[in-house]
Amino acid sequence: MSNTEAAPAELTCGDRPTTADPDRPAVEVLTPREVPLGGPRAMRVRRTLPQRSRSLIGAWCFADHYGPTEVTGAMDVAPHPHTGLQTVSWLFAGEIEHRDSIGSHAMIRPGELNLMTGGHGICHSEVSTPAAKTLHGVQLWVALPERHRHTARAFDHYVPSVNRIDGAEIRVFLGSLAGRTSPIPTFTPLLGAEIVLGPDAHMSLGVDPRFEHGVLVDTGDIVVAGTTVHAAELGYVGTGVRTLTLSNRGTAPARFLLLGGIPFDEEILMWWNFVGRTHEEIAEFREAWEAESDQFGSVTGYTGTPQRLPAPELPKVRIKPRRNPGSGQEAGHG
């Protein structure tokens, strides 16, 4: 699922996380907001990143959590562009067909990572298959650092093995955790893992103290360092923590994603499906997409209608930075 909002908000992100107490880390609970995605078959998603209280976790800059949603007809997202980011698609249920402008044709299935690098520019389509009776998963974006944000287009697919420890099943799709390492390269140090924690189970995970972490709960409730994080919420833990304690006090398994990374120290501007640095750059990306520029290439094999998503109109005012509360500047437009 990509950001197909008809009137996307602009966000400039560059918050500096506070260092957590390694013995009693504070947990900030982020509540999602529901966002209706546009298109012929609109669906609602729960968006936990970005928001005003926290913009990024490491280089993770966008998190949409959707489903389980019964598929009536097909989810059909026509070719659309991306710049300056990597998209990370992870399903819990369903199947989605991916095509992109470097010729990739792949299926997105539960427990399998599909990572697309937009870099200077890419476009892709996403269509649910007839086998998909239900769609349930997350769409995540990773911001590319300045020195790599114009890198070449790329696509990676990886099926992580299941690591069973302490009453949990862990699938590490990016980075390293609990003795497992994903072979997929990233442009900044990152962690991405799905964890299913059994009923009445408790675990202590060794984590990189340089990282900040987010626990995005899919099903059940997870107690993170003593704080309960409910389904669809995201629990944030700052840097400095070497051991993360996680508990499921329920009578059924609980599932969540553990996301992490070194704090991203660059300010970024997100609008529609673009990640850039300035208003002028975003406007140039939009103009290039509307002009069908070679910057994004084209998708072959997509048979839906329309053949490509048009870009929304830019705001009538100049896109200005939005900063987190307490940063010294208020969010807003000029």
# chains A, B, ... in the order shown; residues from 1 in each chain; ligands from 1
>>> select_by_dssp(residues="region 77-196 of chain A", states="strand (DSSP E or B)", output="PyMOL selection string")
chain A and resi 77-83+85-93+96-100+105-108+110+113-117+122-128+134-143+154-158+163-165+168-174+176-177+180-181+190-196
>>> residues_around(residues="region 296-309 of chain A", least_positions_apart="2", cutoff="12 Å", atoms="only C-alpha atoms", output="tab-separated table (two decimals) with N, CA and C atoms, in the first residue's frame")
chain	number	residue	atom	x	y	z
A	2	SER	N	0.64	2.12	-0.94
A	2	SER	CA	1.37	3.37	-0.99
A	2	SER	C	0.46	4.51	-0.56
A	3	ASN	N	1.01	5.69	-0.45
A	3	ASN	CA	0.25	6.84	0.00
A	3	ASN	C	-0.53	7.41	-1.16
A	4	THR	N	-1.79	6.99	-1.31
A	4	THR	CA	-2.61	7.46	-2.41
A	4	THR	C	-3.63	8.50	-1.97
A	5	GLU	N	-3.32	9.21	-0.87
A	5	GLU	CA	-4.21	10.27	-0.42
A	5	GLU	C	-4.37	11.31	-1.52
A	6	ALA	N	-5.60	11.80	-1.67
A	6	ALA	CA	-5.87	12.82	-2.68
A	6	ALA	C	-5.36	14.19	-2.27
A	38	GLY	N	-7.17	7.20	-1.22
A	38	GLY	CA	-8.01	7.46	-2.37
A	38	GLY	C	-7.97	6.32	-3.37
A	39	GLY	N	-8.57	6.57	-4.53
A	39	GLY	CA	-8.56	5.56	-5.58
A	39	GLY	C	-9.91	4.92	-5.74
A	40	PRO	N	-10.07	4.09	-6.77
A	40	PRO	CA	-11.37	3.48	-7.06
A	40	PRO	C	-11.84	2.53	-5.98
A	41	ARG	N	-10.94	1.93	-5.24
A	41	ARG	CA	-11.31	1.04	-4.14
A	41	ARG	C	-10.59	1.50	-2.88
A	74	ALA	N	-10.87	-6.16	-6.25
A	74	ALA	CA	-9.41	-6.18	-6.13
A	74	ALA	C	-8.91	-4.85	-5.60
A	75	MET	N	-7.85	-4.91	-4.80
A	75	MET	CA	-7.12	-3.69	-4.47
A	75	MET	C	-6.22	-3.41	-5.67
A	76	ASP	N	-6.37	-2.27	-6.25
A	76	ASP	CA	-5.67	-1.96	-7.50
A	76	ASP	C	-5.09	-0.55	-7.40
A	77	VAL	N	-3.77	-0.48	-7.20
A	77	VAL	CA	-3.09	0.82	-7.12
A	77	VAL	C	-2.25	0.97	-8.38
A	78	ALA	N	-2.65	1.88	-9.23
A	78	ALA	CA	-1.98	2.10	-10.52
A	78	ALA	C	-0.56	2.59	-10.30
A	79	PRO	N	0.30	2.53	-11.34
A	79	PRO	CA	1.67	3.01	-11.21
A	79	PRO	C	1.74	4.42	-10.64
A	80	HIS	N	2.65	4.59	-9.68
A	80	HIS	CA	2.82	5.86	-8.99
A	80	HIS	C	4.30	5.98	-8.61
A	81	PRO	N	4.78	7.19	-8.37
A	81	PRO	CA	6.23	7.41	-8.21
A	81	PRO	C	6.68	7.42	-6.76
A	82	HIS	N	8.00	7.26	-6.59
A	82	HIS	CA	8.66	7.45	-5.29
A	82	HIS	C	10.04	8.06	-5.53
A	83	THR	N	10.49	8.86	-4.57
A	83	THR	CA	11.86	9.37	-4.57
A	83	THR	C	12.39	9.38	-3.14
A	84	GLY	N	13.71	9.24	-3.01
A	84	GLY	CA	14.39	9.47	-1.74
A	84	GLY	C	14.07	8.52	-0.63
A	97	GLU	N	0.42	-8.39	-6.00
A	97	GLU	CA	1.34	-8.45	-7.13
A	97	GLU	C	2.03	-7.10	-7.31
A	98	HIS	N	3.34	-7.13	-7.34
A	98	HIS	CA	4.16	-5.93	-7.47
A	98	HIS	C	4.83	-5.90	-8.84
A	99	ARG	N	4.76	-4.76	-9.52
A	99	ARG	CA	5.52	-4.50	-10.75
A	99	ARG	C	6.17	-3.14	-10.63
A	100	ASP	N	7.39	-2.99	-11.13
A	100	ASP	CA	8.05	-1.69	-11.05
A	100	ASP	C	8.80	-1.37	-12.33
A	101	SER	N	9.40	-0.17	-12.34
A	101	SER	CA	10.01	0.35	-13.56
A	101	SER	C	11.43	-0.13	-13.79
A	102	ILE	N	11.91	-1.08	-12.98
A	102	ILE	CA	13.16	-1.76	-13.34
A	102	ILE	C	12.86	-3.19	-13.82
A	103	GLY	N	11.57	-3.46	-14.03
A	103	GLY	CA	11.17	-4.75	-14.57
A	103	GLY	C	10.88	-5.82	-13.54
A	104	SER	N	10.89	-5.47	-12.25
A	104	SER	CA	10.59	-6.45	-11.21
A	104	SER	C	9.13	-6.85	-11.28
A	105	HIS	N	8.87	-8.14	-11.14
A	105	HIS	CA	7.52	-8.68	-11.05
A	105	HIS	C	7.55	-9.70	-9.92
A	106	ALA	N	6.93	-9.37	-8.80
A	106	ALA	CA	7.04	-10.23	-7.62
A	106	ALA	C	5.73	-10.25	-6.87
A	117	THR	N	13.89	0.18	-3.56
A	117	THR	CA	14.66	1.41	-3.39
A	117	THR	C	14.28	2.40	-4.47
A	118	GLY	N	13.69	3.53	-4.05
A	118	GLY	CA	13.28	4.55	-5.00
A	118	GLY	C	14.44	5.40	-5.48
A	119	GLY	N	15.30	5.82	-4.55
A	119	GLY	CA	16.44	6.64	-4.93
A	119	GLY	C	16.03	7.87	-5.72
A	120	HIS	N	16.68	8.07	-6.87
A	120	HIS	CA	16.41	9.26	-7.70
A	120	HIS	C	15.00	9.24	-8.27
A	121	GLY	N	14.43	8.03	-8.43
A	121	GLY	CA	13.08	7.95	-8.95
A	121	GLY	C	12.73	6.56	-9.42
A	122	ILE	N	11.54	6.11	-9.05
A	122	ILE	CA	11.03	4.80	-9.48
A	122	ILE	C	9.52	4.91	-9.50
A	123	CYS	N	8.85	4.00	-10.21
A	123	CYS	CA	7.40	3.89	-10.09
A	123	CYS	C	7.03	2.42	-10.05
A	124	HIS	N	5.87	2.14	-9.44
A	124	HIS	CA	5.43	0.75	-9.30
A	124	HIS	C	3.92	0.69	-9.15
A	125	SER	N	3.38	-0.52	-9.37
A	125	SER	CA	1.96	-0.78	-9.18
A	125	SER	C	1.79	-1.89	-8.16
A	126	GLU	N	0.62	-1.94	-7.51
A	126	GLU	CA	0.30	-2.96	-6.52
A	126	GLU	C	-1.14	-3.41	-6.74
A	127	VAL	N	-1.33	-4.72	-6.95
A	127	VAL	CA	-2.66	-5.26	-7.23
A	127	VAL	C	-2.84	-6.54	-6.42
A	128	SER	N	-3.93	-6.64	-5.67
A	128	SER	CA	-4.19	-7.88	-4.95
A	128	SER	C	-4.54	-8.97	-5.95
A	150	HIS	N	19.90	9.80	-4.00
A	150	HIS	CA	19.75	9.76	-5.46
A	150	HIS	C	20.33	8.48	-6.04
A	152	ALA	N	20.59	4.49	-7.36
A	152	ALA	CA	19.86	3.83	-8.43
A	152	ALA	C	18.67	3.04	-7.89
A	153	ARG	N	17.70	2.82	-8.75
A	153	ARG	CA	16.54	2.00	-8.40
A	153	ARG	C	16.99	0.57	-8.11
A	272	TRP	N	3.04	13.49	-0.49
A	272	TRP	CA	2.50	12.43	-1.34
A	272	TRP	C	3.45	11.23	-1.26
A	273	ASN	N	4.03	10.80	-2.39
A	273	ASN	CA	4.94	9.65	-2.39
A	273	ASN	C	6.40	10.06	-2.53
A	274	PHE	N	6.67	11.32	-2.28
A	274	PHE	CA	8.03	11.84	-2.43
A	274	PHE	C	8.66	12.13	-1.07
A	285	PHE	N	9.80	17.21	-8.49
A	285	PHE	CA	9.43	15.80	-8.58
A	285	PHE	C	8.01	15.66	-9.16
A	286	ARG	N	7.10	16.47	-8.64
A	286	ARG	CA	5.72	16.40	-9.11
A	286	ARG	C	5.64	16.73	-10.60
A	287	GLU	N	6.33	17.79	-11.00
A	287	GLU	CA	6.31	18.20	-12.41
A	287	GLU	C	6.89	17.11	-13.31
A	288	ALA	N	7.96	16.47	-12.85
A	288	ALA	CA	8.58	15.40	-13.64
A	288	ALA	C	7.64	14.22	-13.80
A	289	TRP	N	6.91	13.87	-12.72
A	289	TRP	CA	5.96	12.75	-12.82
A	289	TRP	C	4.83	13.09	-13.77
A	290	GLU	N	4.28	14.28	-13.67
A	290	GLU	CA	3.18	14.69	-14.54
A	290	GLU	C	3.62	14.75	-16.00
A	291	ALA	N	4.90	15.06	-16.23
A	291	ALA	CA	5.44	15.13	-17.60
A	291	ALA	C	5.87	13.76	-18.12
A	292	GLU	N	5.67	12.71	-17.32
A	292	GLU	CA	6.08	11.34	-17.68
A	292	GLU	C	7.57	11.27	-17.99
A	293	SER	N	8.35	11.90	-17.11
A	293	SER	CA	9.80	11.97	-17.26
A	293	SER	C	10.43	10.59	-17.09
A	294	ASP	N	11.58	10.42	-17.75
A	294	ASP	CA	12.36	9.19	-17.60
A	294	ASP	C	12.91	9.04	-16.18
A	311	ALA	N	-0.58	13.05	-9.94
A	311	ALA	CA	-0.14	13.66	-8.68
A	311	ALA	C	-1.20	14.65	-8.20
A	312	PRO	N	-1.44	14.72	-6.89
A	312	PRO	CA	-2.34	15.74	-6.36
A	312	PRO	C	-1.76	17.13	-6.61
>>> residues_around(residues="Ala168 (chain A)", least_positions_apart="2", cutoff="10 Å", atoms="only C-alpha atoms", output="PyMOL selection string")
chain A and resi 162-166+170-171+195-199+201-203+253-255
>>> closest_residue(among="A:Met107, A:Ala26, A:Leu174, A:Val35", to="Gly94 (chain A)", atoms="only C-alpha atoms")
A:Met107
>>> atom_distance(atom1="CA of Glu169 (chain A)", atom2="CA of Ala232 (chain A)")
19.6 Å
>>> closest_residue(among="A:Leu216, A:Ala143, A:Ala283, A:Ile262", to="Ala231 (chain A)", atoms="only C-alpha atoms")
A:Leu216
